[in-house]
$ cat start26.tsv   # TSV, C-alpha atoms and all ligand atoms
chain	number	residue	atom	x	y	z
A	1115	MET	CA	0.83	61.35	-52.34
A	1116	SER	CA	-0.54	62.90	-55.54
A	1117	ASN	CA	-3.50	65.18	-55.08
A	1118	ILE	CA	-6.01	62.67	-56.37
A	1119	PHE	CA	-7.18	59.83	-54.14
A	1120	LYS	CA	-8.88	57.03	-56.05
A	1121	ILE	CA	-11.28	54.72	-54.28
A	1122	ALA	CA	-12.36	51.42	-55.83
A	1123	ILE	CA	-15.86	50.68	-54.58
A	1124	LEU	CA	-16.77	46.98	-54.55
A	1125	PRO	CA	-20.31	46.63	-53.15
A	1126	GLY	CA	-20.54	42.87	-53.76
A	1127	ASP	CA	-23.56	40.75	-52.80
A	1128	GLY	CA	-26.37	40.53	-50.26
A	1129	ILE	CA	-26.68	43.68	-48.16
A	1130	GLY	CA	-23.38	44.97	-49.63
A	1131	PRO	CA	-24.91	47.32	-52.24
A	1132	GLU	CA	-27.51	48.86	-49.90
A	1133	VAL	CA	-25.12	49.58	-47.04
A	1134	MET	CA	-22.49	50.81	-49.51
A	1135	LYS	CA	-24.98	53.37	-50.79
A	1136	GLN	CA	-25.11	54.86	-47.30
A	1137	ALA	CA	-21.31	55.01	-47.03
A	1138	ILE	CA	-21.25	56.87	-50.37
A	1139	LYS	CA	-23.77	59.38	-48.98
A	1140	VAL	CA	-21.33	60.06	-46.15
A	1141	LEU	CA	-18.39	60.25	-48.55
A	1142	ASN	CA	-20.20	62.79	-50.71
A	1143	LYS	CA	-20.77	64.96	-47.69
A	1144	ILE	CA	-17.16	64.98	-46.50
A	1145	ARG	CA	-15.21	64.69	-49.77
A	1146	HIS	CA	-14.61	68.42	-50.11
A	1147	PHE	CA	-13.14	68.59	-46.63
A	1148	LEU	CA	-10.40	66.04	-47.22
A	1149	ASN	CA	-7.87	68.39	-48.90
A	1150	ILE	CA	-7.52	65.97	-51.78
A	1151	GLU	CA	-9.62	65.26	-54.85
A	1152	ILE	CA	-11.63	62.04	-54.41
A	1153	VAL	CA	-12.34	59.91	-57.47
A	1154	VAL	CA	-14.67	56.96	-57.02
A	1155	LYS	CA	-15.13	53.98	-59.35
A	1156	LYS	CA	-17.44	51.01	-58.84
A	1157	TYR	CA	-16.61	47.42	-59.77
A	1158	LEU	CA	-18.37	44.09	-59.56
A	1159	VAL	CA	-17.07	41.46	-57.17
A	1160	GLY	CA	-18.19	38.15	-55.68
A	1161	GLY	CA	-21.39	36.41	-56.73
A	1162	SER	CA	-22.61	39.36	-58.78
A	1163	ALA	CA	-19.37	39.22	-60.77
A	1164	ILE	CA	-19.74	35.44	-61.22
A	1165	ASP	CA	-23.23	36.03	-62.64
A	1166	LYS	CA	-21.97	38.56	-65.16
A	1167	TYR	CA	-18.42	37.40	-65.99
A	1168	GLY	CA	-18.21	33.87	-64.56
A	1169	ASP	CA	-15.43	35.09	-62.27
A	1170	ALA	CA	-15.68	36.39	-58.67
A	1171	LEU	CA	-12.74	38.71	-59.26
A	1172	PRO	CA	-12.81	39.77	-62.93
A	1173	THR	CA	-9.63	41.28	-64.43
A	1174	LYS	CA	-11.42	44.59	-64.80
A	1175	THR	CA	-12.07	44.70	-61.04
A	1176	LEU	CA	-8.53	43.69	-60.12
A	1177	LEU	CA	-7.02	46.25	-62.50
A	1178	GLY	CA	-9.37	48.90	-61.12
A	1179	CYS	CA	-8.20	48.10	-57.59
A	1180	GLU	CA	-4.56	48.23	-58.69
A	1181	LYS	CA	-5.07	51.71	-60.08
A	1182	SER	CA	-6.71	52.89	-56.86
A	1183	ASN	CA	-5.35	54.18	-53.58
A	1184	ALA	CA	-7.81	52.19	-51.47
A	1185	ILE	CA	-10.62	49.67	-51.75
A	1186	LEU	CA	-13.99	50.05	-50.05
A	1187	PHE	CA	-15.48	46.58	-49.97
A	1188	GLY	CA	-19.07	45.54	-49.15
A	1189	SER	CA	-19.53	41.81	-48.69
A	1190	VAL	CA	-19.61	38.72	-50.88
A	1191	GLY	CA	-21.32	35.36	-51.06
A	1192	GLY	CA	-24.75	33.87	-50.56
A	1193	PRO	CA	-26.72	30.64	-50.99
A	1194	LYS	CA	-27.02	31.26	-54.74
A	1195	TRP	CA	-23.31	30.45	-55.17
A	1196	ASP	CA	-22.92	27.79	-52.47
A	1197	TYR	CA	-23.17	24.99	-55.05
A	1198	LEU	CA	-19.79	26.03	-56.48
A	1199	PRO	CA	-16.61	24.13	-55.55
A	1200	LEU	CA	-14.65	25.77	-52.70
A	1201	ASN	CA	-12.05	27.43	-54.93
A	1202	LYS	CA	-14.72	29.01	-57.13
A	1203	ARG	CA	-16.81	30.42	-54.28
A	1204	PRO	CA	-17.08	34.21	-54.04
A	1205	GLU	CA	-15.36	34.33	-50.61
A	1206	LYS	CA	-12.27	32.37	-51.49
A	1207	ASN	CA	-12.05	33.61	-55.04
A	1208	SER	CA	-12.42	37.32	-54.44
A	1209	LEU	CA	-11.80	38.40	-50.87
A	1210	LEU	CA	-8.94	36.02	-50.10
A	1211	LYS	CA	-7.39	36.71	-53.51
A	1212	LEU	CA	-7.49	40.46	-52.95
A	1213	ARG	CA	-5.92	40.09	-49.50
A	1214	LYS	CA	-3.08	38.03	-50.93
A	1215	HIS	CA	-2.66	40.07	-54.12
A	1216	PHE	CA	-2.20	43.34	-52.25
A	1217	ASN	CA	-0.29	41.73	-49.41
A	1218	LEU	CA	-2.82	42.97	-46.85
A	1219	PHE	CA	-1.18	41.14	-43.97
A	1220	ILE	CA	-2.61	43.09	-41.07
A	1221	ASN	CA	-6.30	43.13	-40.30
A	1222	LEU	CA	-7.65	45.56	-37.74
A	1223	ARG	CA	-11.03	44.93	-36.16
A	1224	PRO	CA	-11.85	47.44	-33.45
A	1225	ALA	CA	-14.62	46.39	-31.08
A	1226	TYR	CA	-16.00	48.67	-28.41
A	1227	ILE	CA	-19.24	49.05	-26.59
A	1228	TYR	CA	-21.28	52.21	-27.12
A	1229	ASN	CA	-22.50	53.66	-23.83
A	1230	ASN	CA	-26.14	53.53	-24.80
A	1231	LEU	CA	-26.01	50.10	-26.43
A	1232	HIS	CA	-25.09	48.05	-23.35
A	1233	MET	CA	-28.50	46.41	-23.56
A	1234	LEU	CA	-27.54	44.76	-26.82
A	1235	SER	CA	-24.63	42.80	-25.47
A	1236	PRO	CA	-25.35	39.20	-24.51
A	1237	LEU	CA	-23.04	39.70	-21.52
A	1238	LYS	CA	-24.42	40.36	-18.04
A	1239	ASN	CA	-24.71	43.95	-16.80
A	1240	ASN	CA	-21.99	43.62	-14.17
A	1241	ILE	CA	-19.54	42.64	-16.91
A	1242	ILE	CA	-20.62	45.00	-19.64
A	1243	ASN	CA	-20.90	48.00	-17.33
A	1244	LYS	CA	-17.12	48.05	-17.05
A	1245	GLY	CA	-17.08	48.76	-20.80
A	1246	PHE	CA	-14.38	47.61	-23.19
A	1247	ASN	CA	-12.40	48.88	-26.12
A	1248	ILE	CA	-10.49	46.21	-27.98
A	1249	LEU	CA	-8.42	46.35	-31.13
A	1250	CYS	CA	-8.35	42.86	-32.56
A	1251	ILE	CA	-5.34	42.46	-34.85
A	1252	ARG	CA	-5.40	39.44	-37.09
A	1253	GLU	CA	-2.63	38.17	-39.37
A	1254	LEU	CA	-4.38	37.93	-42.73
A	1255	THR	CA	-2.19	36.52	-45.48
A	1256	GLY	CA	-0.50	33.55	-43.85
A	1257	GLY	CA	-1.17	30.55	-41.67
A	1258	ILE	CA	-3.57	27.76	-42.46
A	1259	TYR	CA	-5.62	29.89	-44.88
A	1260	PHE	CA	-2.83	29.90	-47.43
A	1261	GLY	CA	-0.32	27.25	-46.27
A	1262	LYS	CA	0.84	24.66	-48.76
A	1263	PRO	CA	0.50	21.74	-49.16
A	1264	ASN	CA	-3.23	21.44	-48.91
A	1265	GLY	CA	-5.73	19.22	-50.63
A	1266	ARG	CA	-7.45	15.92	-50.68
A	1267	LYS	CA	-6.06	12.53	-51.68
A	1268	GLY	CA	-6.50	8.79	-51.40
A	1269	ASN	CA	-9.52	6.52	-51.69
A	1270	GLY	CA	-12.10	4.73	-49.62
A	1271	ILE	CA	-11.48	4.72	-45.89
A	1272	ASN	CA	-7.96	5.96	-46.56
A	1273	GLU	CA	-9.14	9.11	-48.26
A	1274	TYR	CA	-7.70	12.13	-46.46
A	1275	SER	CA	-7.59	15.91	-46.58
A	1276	PHE	CA	-5.03	18.34	-45.20
A	1277	ASP	CA	-4.23	21.99	-44.60
A	1278	THR	CA	-0.93	23.45	-43.47
A	1279	GLU	CA	-0.43	25.97	-40.68
A	1280	ILE	CA	2.85	27.68	-41.58
A	1281	TYR	CA	4.43	30.97	-40.53
A	1282	TYR	CA	7.65	32.51	-41.75
A	1283	ARG	CA	9.77	34.62	-39.41
A	1284	PHE	CA	9.30	37.71	-41.61
A	1285	GLU	CA	5.51	37.33	-41.46
A	1286	ILE	CA	5.51	37.34	-37.66
A	1287	GLU	CA	8.09	40.11	-37.38
A	1288	ARG	CA	6.30	42.55	-39.64
A	1289	ILE	CA	2.92	42.19	-37.95
A	1290	ALA	CA	4.56	42.32	-34.52
A	1291	HIS	CA	6.11	45.74	-35.24
A	1292	MET	CA	2.78	47.04	-36.51
A	1293	ALA	CA	0.94	45.66	-33.47
A	1294	PHE	CA	3.39	47.24	-31.01
A	1295	ASN	CA	3.01	50.58	-32.77
A	1296	PHE	CA	-0.78	50.37	-32.56
A	1297	ALA	CA	-0.51	49.46	-28.89
A	1298	LEU	CA	1.69	52.52	-28.27
A	1299	GLN	CA	-1.17	54.71	-29.47
A	1300	ARG	CA	-3.63	52.99	-27.13
A	1301	ASN	CA	-3.43	51.47	-23.64
A	1302	LYS	CA	-0.04	49.87	-24.33
A	1303	MET	CA	-1.02	46.27	-23.78
A	1304	ILE	CA	-0.88	43.39	-26.23
A	1305	CYS	CA	-2.29	39.98	-25.51
A	1306	CYS	CA	-1.43	37.33	-28.08
A	1307	PHE	CA	-3.90	34.42	-28.22
A	1308	ASP	CA	-2.28	31.17	-29.31
A	1309	LYS	CA	-1.91	27.46	-28.70
A	1310	ALA	CA	1.72	27.38	-27.64
A	1311	ASN	CA	1.07	24.29	-25.53
A	1312	VAL	CA	0.53	22.33	-28.75
A	1313	LEU	CA	1.51	24.16	-31.94
A	1314	ASN	CA	5.01	24.83	-33.27
A	1315	THR	CA	3.82	27.97	-35.02
A	1316	SER	CA	2.57	29.40	-31.72
A	1317	ILE	CA	5.89	28.69	-30.02
A	1318	MET	CA	7.69	30.59	-32.75
A	1319	TRP	CA	5.21	33.51	-32.52
A	1320	ARG	CA	5.93	33.71	-28.77
A	1321	GLU	CA	9.71	33.71	-29.24
A	1322	ILE	CA	9.65	36.40	-31.90
A	1323	LEU	CA	7.15	38.62	-30.10
A	1324	LYS	CA	9.13	38.44	-26.84
A	1325	LYS	CA	12.32	39.42	-28.63
A	1326	ILE	CA	10.68	42.35	-30.44
A	1327	SER	CA	9.00	43.53	-27.24
A	1328	TYR	CA	12.41	44.72	-25.92
A	1329	GLN	CA	12.27	47.45	-28.58
A	1330	TYR	CA	8.93	48.61	-27.19
A	1331	SER	CA	9.54	48.73	-23.48
A	1332	LYS	CA	6.43	50.83	-22.85
A	1333	VAL	CA	4.14	48.07	-24.11
A	1334	LYS	CA	3.14	45.21	-21.84
A	1335	LEU	CA	3.10	41.91	-23.75
A	1336	LYS	CA	1.08	38.94	-22.54
A	1337	PHE	CA	0.13	35.56	-23.96
A	1338	MET	CA	-2.98	33.51	-23.45
A	1339	TYR	CA	-3.95	30.10	-24.71
A	1340	ILE	CA	-6.83	30.51	-27.12
A	1341	ASP	CA	-9.17	28.19	-25.20
A	1342	ASN	CA	-8.71	30.20	-22.00
A	1343	ALA	CA	-8.90	33.43	-24.01
A	1344	VAL	CA	-12.43	32.76	-25.29
A	1345	MET	CA	-13.52	32.33	-21.68
A	1346	GLN	CA	-11.71	35.47	-20.55
A	1347	LEU	CA	-13.36	37.47	-23.34
A	1348	MET	CA	-16.75	36.50	-21.98
A	1349	LYS	CA	-15.81	36.93	-18.33
A	1350	ASN	CA	-13.91	40.20	-18.43
A	1351	PRO	CA	-13.41	41.83	-21.83
A	1352	SER	CA	-12.25	45.07	-20.17
A	1353	GLN	CA	-8.88	43.42	-19.39
A	1354	PHE	CA	-7.90	43.55	-23.08
A	1355	ASP	CA	-6.49	46.35	-25.20
A	1356	VAL	CA	-4.79	44.99	-28.33
A	1357	ILE	CA	-5.42	41.32	-29.11
A	1358	LEU	CA	-3.02	39.78	-31.59
A	1359	CYS	CA	-3.72	36.49	-33.38
A	1360	ALA	CA	-2.63	34.32	-36.26
A	1361	ASN	CA	-5.06	34.13	-39.19
A	1362	LEU	CA	-7.49	31.38	-38.14
A	1363	PHE	CA	-7.60	32.26	-34.44
A	1364	GLY	CA	-8.12	35.91	-35.44
A	1365	ASP	CA	-11.03	34.96	-37.68
A	1366	ILE	CA	-12.79	33.25	-34.79
A	1367	ILE	CA	-11.90	35.70	-32.04
A	1368	SER	CA	-12.89	38.76	-34.06
A	1369	ASP	CA	-16.43	37.40	-34.40
A	1370	GLN	CA	-16.55	36.84	-30.65
A	1371	CYS	CA	-15.34	40.41	-30.07
A	1372	ALA	CA	-18.08	41.58	-32.43
A	1373	MET	CA	-20.81	39.65	-30.67
A	1374	ILE	CA	-20.02	40.93	-27.22
A	1375	THR	CA	-20.55	44.48	-28.52
A	1376	GLY	CA	-24.10	43.43	-29.37
A	1377	SER	CA	-24.26	43.64	-33.13
A	1378	ILE	CA	-21.82	42.65	-35.84
A	1379	GLY	CA	-23.61	45.32	-37.90
A	1380	ASN	CA	-21.58	48.02	-36.17
A	1381	LEU	CA	-18.11	46.64	-36.74
A	1382	PRO	CA	-15.74	47.81	-39.44
A	1383	SER	CA	-12.36	46.44	-40.43
A	1384	ALA	CA	-9.22	47.53	-42.23
A	1385	SER	CA	-6.78	45.23	-43.99
A	1386	LEU	CA	-3.49	46.95	-44.69
A	1387	ASN	CA	-0.10	46.31	-46.24
A	1388	ASN	CA	3.19	47.90	-45.23
A	1389	LYS	CA	2.46	50.92	-47.44
A	1390	PHE	CA	-0.89	51.43	-45.73
A	1391	PHE	CA	-2.74	50.55	-48.92
A	1392	GLY	CA	-5.95	49.18	-47.54
A	1393	LEU	CA	-9.11	47.23	-48.13
A	1394	TYR	CA	-11.86	48.41	-45.81
A	1395	GLU	CA	-14.89	46.23	-45.17
A	1396	PRO	CA	-17.59	45.54	-42.59
A	1397	ALA	CA	-16.76	42.64	-40.28
A	1398	GLY	CA	-20.18	41.06	-40.84
A	1399	GLY	CA	-21.08	39.09	-43.92
A	1400	SER	CA	-23.46	39.58	-46.84
A	1401	ALA	CA	-26.52	38.60	-44.71
A	1402	PRO	CA	-28.53	37.28	-47.69
A	1403	ASP	CA	-31.56	36.65	-45.47
A	1404	ILE	CA	-32.14	40.38	-44.98
A	1405	ALA	CA	-30.79	41.65	-48.30
A	1406	GLY	CA	-32.93	44.04	-50.34
A	1407	LYS	CA	-35.30	44.77	-47.44
A	1408	ASN	CA	-33.85	48.15	-46.48
A	1409	ILE	CA	-33.36	46.96	-42.89
A	1410	ALA	CA	-29.62	46.23	-42.76
A	1411	ASN	CA	-27.40	48.28	-40.49
A	1412	PRO	CA	-25.08	50.53	-42.55
A	1413	ILE	CA	-22.90	51.59	-39.58
A	1414	ALA	CA	-20.14	49.02	-40.17
A	1415	GLN	CA	-19.84	50.13	-43.79
A	1416	ILE	CA	-19.76	53.80	-42.83
A	1417	LEU	CA	-17.16	53.10	-40.13
A	1418	SER	CA	-15.11	51.17	-42.71
A	1419	LEU	CA	-15.06	54.32	-44.82
A	1420	SER	CA	-14.03	56.25	-41.74
A	1421	MET	CA	-11.15	53.82	-41.11
A	1422	MET	CA	-10.06	54.44	-44.71
A	1423	ILE	CA	-9.95	58.13	-43.98
A	1424	GLU	CA	-7.93	57.47	-40.85
A	1425	TYR	CA	-5.37	55.03	-42.22
A	1426	SER	CA	-5.12	55.64	-45.96
A	1427	LEU	CA	-5.74	59.39	-45.88
A	1428	ASN	CA	-4.25	59.98	-42.47
A	1429	ASN	CA	-7.09	62.29	-41.49
A	1430	LYS	CA	-8.09	61.44	-37.94
A	1431	HIS	CA	-9.95	64.74	-37.72
A	1432	ILE	CA	-12.65	63.73	-40.24
A	1433	THR	CA	-12.72	60.17	-38.87
A	1434	LYS	CA	-13.63	61.57	-35.45
A	1435	LYS	CA	-16.42	63.66	-36.98
A	1436	ILE	CA	-18.00	60.60	-38.59
A	1437	GLU	CA	-17.72	58.61	-35.35
A	1438	LYS	CA	-19.30	61.50	-33.42
A	1439	ALA	CA	-22.19	61.67	-35.90
A	1440	ILE	CA	-22.89	57.96	-35.43
A	1441	GLU	CA	-22.88	58.34	-31.66
A	1442	LYS	CA	-25.20	61.30	-31.87
A	1443	VAL	CA	-27.72	59.38	-33.99
A	1444	LEU	CA	-27.58	56.40	-31.63
A	1445	ASN	CA	-27.94	58.68	-28.61
A	1446	LYS	CA	-31.13	60.05	-30.10
A	1447	GLY	CA	-32.49	56.50	-30.09
A	1448	TYR	CA	-32.43	55.76	-33.81
A	1449	ARG	CA	-31.88	52.05	-34.41
A	1450	THR	CA	-31.82	49.70	-37.33
A	1451	LYS	CA	-33.66	46.50	-36.52
A	1452	ASP	CA	-30.56	44.64	-35.33
A	1453	LEU	CA	-29.96	47.35	-32.72
A	1454	TYR	CA	-33.49	47.54	-31.35
A	1455	THR	CA	-33.92	46.49	-27.72
A	1456	ASN	CA	-37.46	47.59	-26.99
A	1457	GLN	CA	-36.57	50.69	-24.98
A	1458	LEU	CA	-38.91	53.64	-24.73
A	1459	ASN	CA	-36.69	56.13	-26.51
A	1460	GLU	CA	-35.86	53.84	-29.44
A	1461	LYS	CA	-37.12	54.38	-32.98
A	1462	ILE	CA	-36.61	51.78	-35.68
A	1463	VAL	CA	-35.31	53.23	-38.94
A	1464	THR	CA	-34.46	51.81	-42.35
A	1465	THR	CA	-31.01	51.43	-43.88
A	1466	GLU	CA	-31.64	54.51	-46.02
A	1467	ASP	CA	-32.84	56.59	-43.06
A	1468	MET	CA	-29.91	55.57	-40.90
A	1469	GLY	CA	-27.51	56.60	-43.71
A	1470	THR	CA	-29.24	59.96	-44.11
A	1471	LEU	CA	-29.42	60.62	-40.36
A	1472	ILE	CA	-25.71	59.94	-39.94
A	1473	THR	CA	-24.80	62.02	-43.00
A	1474	GLU	CA	-26.85	64.94	-41.74
A	1475	SER	CA	-25.33	64.71	-38.28
A	1476	ILE	CA	-21.77	65.20	-39.50
A	1477	ILE	CA	-20.75	68.72	-38.57
A	1478	LEU	CA	-17.85	69.90	-40.69
B	1501	LIG	C1	-13.77	37.23	-42.48
B	1501	LIG	C2	-14.54	36.18	-43.21
B	1501	LIG	C3	-13.62	35.54	-44.25
B	1501	LIG	C4	-12.45	34.91	-43.54
B	1501	LIG	C5	-14.33	34.53	-45.15
B	1501	LIG	C6	-15.53	35.13	-45.84
B	1501	LIG	C7	-13.41	33.89	-46.14
B	1501	LIG	O1	-15.06	35.23	-42.33
B	1501	LIG	O2	-13.31	38.20	-43.12
B	1501	LIG	O3	-13.65	37.12	-41.26
B	1501	LIG	O4	-12.53	33.78	-43.07
B	1501	LIG	O5	-11.41	35.57	-43.44
B	1502	MN	MN	-14.71	35.67	-40.21
$ encode --input "start26.tsv" --output "structure tokens" --more "lines below"
Ligand code: IPM
Ligand code: MN
Amino acid sequence: MSNIFKIAILPGDGIGPEVMKQAIKVLNKIRHFLNIEIVVKKYLVGGSAIDKYGDALPTKTLLGCEKSNAILFGSVGGPKWDYLPLNKRPEKNSLLKLRKHFNLFINLRPAYIYNNLHMLSPLKNNIINKGFNILCIRELTGGIYFGKPNGRKGNGINEYSFDTEIYYRFEIERIAHMAFNFALQRNKMICCFDKANVLNTSIMWREILKKISYQYSKVKLKFMYIDNAVMQLMKNPSQFDVILCANLFGDIISDQCAMITGSIGNLPSASLNNKFFGLYEPAGGSAPDIAGKNIANPIAQILSLSMMIEYSLNNKHITKKIEKAIEKVLNKGYRTKDLYTNQLNEKIVTTEDMGTLITESIIL
């Protein structure tokens, strides 16, 4: 790696810009402790880019990302652009394009419950008190999201539309190896959620995963039908370590994992390719209803930055310091509105304040 690390910052729409500002505060505090020069450049993406350039992913933004070592992404979309046809919408035309363009086939969405935020979870005490720490791994560049053919044809009552769920052997093999390696660094269990009682793709995933598992004898591999899995996640989330899913199932399950932690505002994600080039983004959306009010939770954005430092800069040491700072601030009772549960020790703070409190709590 050269001694300059370039980050393309894409704040996007809705709460994206305000939470991104807080992540940049954190970055400015730690940048001199990363042993590499950090260069940051901002680019427009999503609806804000449509407004200015008529394109959710302008060439300038894509070129900027190509010249960078990592992308820190905010969020895109909002009602203002919902009138556009599907393939012009900010989501499909920026985020999905970036994922495909950079071959970001593995999506990591860690979901764990903070000790002092048990109250937030919609799960009952006897379930949540056991705690949980899940790494949801989602295949991100294949499956029904990108499968061809897709479209809409015919007329009248015979009009029809179709999408294709398709997986190539190499797509399953490469994510399987990554997933086993992640499991080796954790509790050494993988549970793959699928629909192998119905879908051909799921049957092939099972075959390939079983075969590869012989190379990772320390990891316990299990399978669960997706319909049972959503129940199990509610009933006993502590049974899971790494969850592995195809693209669409992973999209759905990762939101469920987020919700059982209590707030999607805390959850970061990393989308990586085989060179560990990554796009890092909060798991929640652009939340247009609360945008511009200085009330959004910046933790997911800050944790996305911290995942970048872990995976693209390979600096677990600084990642841990950021995570510690967040815990410290939460332990002191500071809460953005989404995290407030009416407890005596809790103090509601703004987006800006939360960003500052976390930044100040990082001890380098
Ligand atoms: C996500 C989002 C996206 C997805 C949307 C915005 C296209 O829901 O990252 O989970 O479906 O992948
Ligand atoms: Mn989603």
$ residues_around --input "start26.tsv" --residues "Phe1260 of chain A" --least-positions-apart "4" --cutoff "9 Å" --atoms "only C-alpha atoms" --output "ChimeraX atom specification"
/A:1214,1255-1256,1264,1277-1280
$ atom_distance --input "start26.tsv" --atom1 "atom CA of Asn1387 of chain A" --atom2 "atom CA of His1215 of chain A"
10.4 Å
$ closest_residue --input "start26.tsv" --among "A:Glu1441, A:Asp1355, A:Glu1321, A:Glu1151" --to "Met1303 of chain A" --atoms "all atoms listed in the file"
A:Asp1355
$ closest_residue --input "start26.tsv" --among "A:Ser1383, A:Ser1418, A:Asn1445, A:Asn1221" --to "Ser1475 of chain A" --atoms "only C-alpha atoms"
A:Asn1445
$ closest_residue --input "start26.tsv" --among "A:Tyr1167, A:Tyr1157, A:Phe1363, A:Tyr1328" --to "ligand LIG 1501 (chain B)" --atoms "all atoms listed in the file"
A:Phe1363
$ axis_aligned_box --input "start26.tsv" --around "ligand LIG 1501 (chain B)" --padding-each-side "3 Å" --output "JSON"
{"center_x": -13.5, "center_y": 36.0, "center_z": -43.7, "size_x": 10.1, "size_y": 10.4, "size_z": 10.9}
$ atom_distance --input "start26.tsv" --atom1 "atom CA of Glu1424 of chain A" --atom2 "atom CA of Pro1412 of chain A"
18.6 Å
$ residues_near_ligand --input "start26.tsv" --ligand "ligand MN 1502 (chain B)" --cutoff "10 Å" --atoms "only C-alpha atoms and all ligand atoms" --output "ChimeraX atom specification"
/A:1361-1370,1397-1399
$ atom_distance --input "start26.tsv" --atom1 "atom CA of Ile1271 of chain A" --atom2 "atom CA of Asn1314 of chain A"
28.9 Å
$ closest_residue --input "start26.tsv" --among "A:Ile1258, A:Cys1306, A:Leu1186, A:Leu1176" --to "Trp1319 of chain A" --atoms "all atoms listed in the file"
A:Cys1306
$ build_atoms --input "start26.tsv" --residues "segment 1419-1432 of chain A" --atoms "N, CA and C atoms" --output "CSV table (one decimal), in the coordinates of the input"
chain,number,residue,atom,x,y,z
A,1419,LEU,N,-15.5,53.1,-44.1
A,1419,LEU,CA,-15.1,54.3,-44.8
A,1419,LEU,C,-14.3,55.2,-43.9
A,1420,SER,N,-14.7,55.4,-42.7
A,1420,SER,CA,-14.0,56.2,-41.7
A,1420,SER,C,-12.6,55.7,-41.4
A,1421,MET,N,-12.5,54.4,-41.3
A,1421,MET,CA,-11.2,53.8,-41.1
A,1421,MET,C,-10.2,54.1,-42.3
A,1422,MET,N,-10.8,54.1,-43.5
A,1422,MET,CA,-10.1,54.4,-44.7
A,1422,MET,C,-9.5,55.9,-44.6
A,1423,ILE,N,-10.4,56.7,-44.1
A,1423,ILE,CA,-10.0,58.1,-44.0
A,1423,ILE,C,-8.9,58.3,-42.9
A,1424,GLU,N,-9.0,57.4,-41.9
A,1424,GLU,CA,-7.9,57.5,-40.8
A,1424,GLU,C,-6.6,56.9,-41.3
A,1425,TYR,N,-6.6,55.7,-41.9
A,1425,TYR,CA,-5.4,55.0,-42.2
A,1425,TYR,C,-4.8,55.3,-43.6
A,1426,SER,N,-5.7,55.4,-44.6
A,1426,SER,CA,-5.1,55.6,-46.0
A,1426,SER,C,-5.0,57.1,-46.3
A,1427,LEU,N,-5.8,58.0,-45.6
A,1427,LEU,CA,-5.7,59.4,-45.9
A,1427,LEU,C,-5.1,60.1,-44.7
A,1428,ASN,N,-4.9,59.4,-43.6
A,1428,ASN,CA,-4.2,60.0,-42.5
A,1428,ASN,C,-5.0,61.2,-41.9
A,1429,ASN,N,-6.3,61.1,-41.9
A,1429,ASN,CA,-7.1,62.3,-41.5
A,1429,ASN,C,-8.0,61.9,-40.3
A,1430,LYS,N,-7.4,61.8,-39.2
A,1430,LYS,CA,-8.1,61.4,-37.9
A,1430,LYS,C,-9.2,62.4,-37.6
A,1431,HIS,N,-9.0,63.7,-38.0
A,1431,HIS,CA,-10.0,64.7,-37.7
A,1431,HIS,C,-11.3,64.4,-38.3
A,1432,ILE,N,-11.4,64.0,-39.6
A,1432,ILE,CA,-12.6,63.7,-40.2
A,1432,ILE,C,-13.2,62.4,-39.7
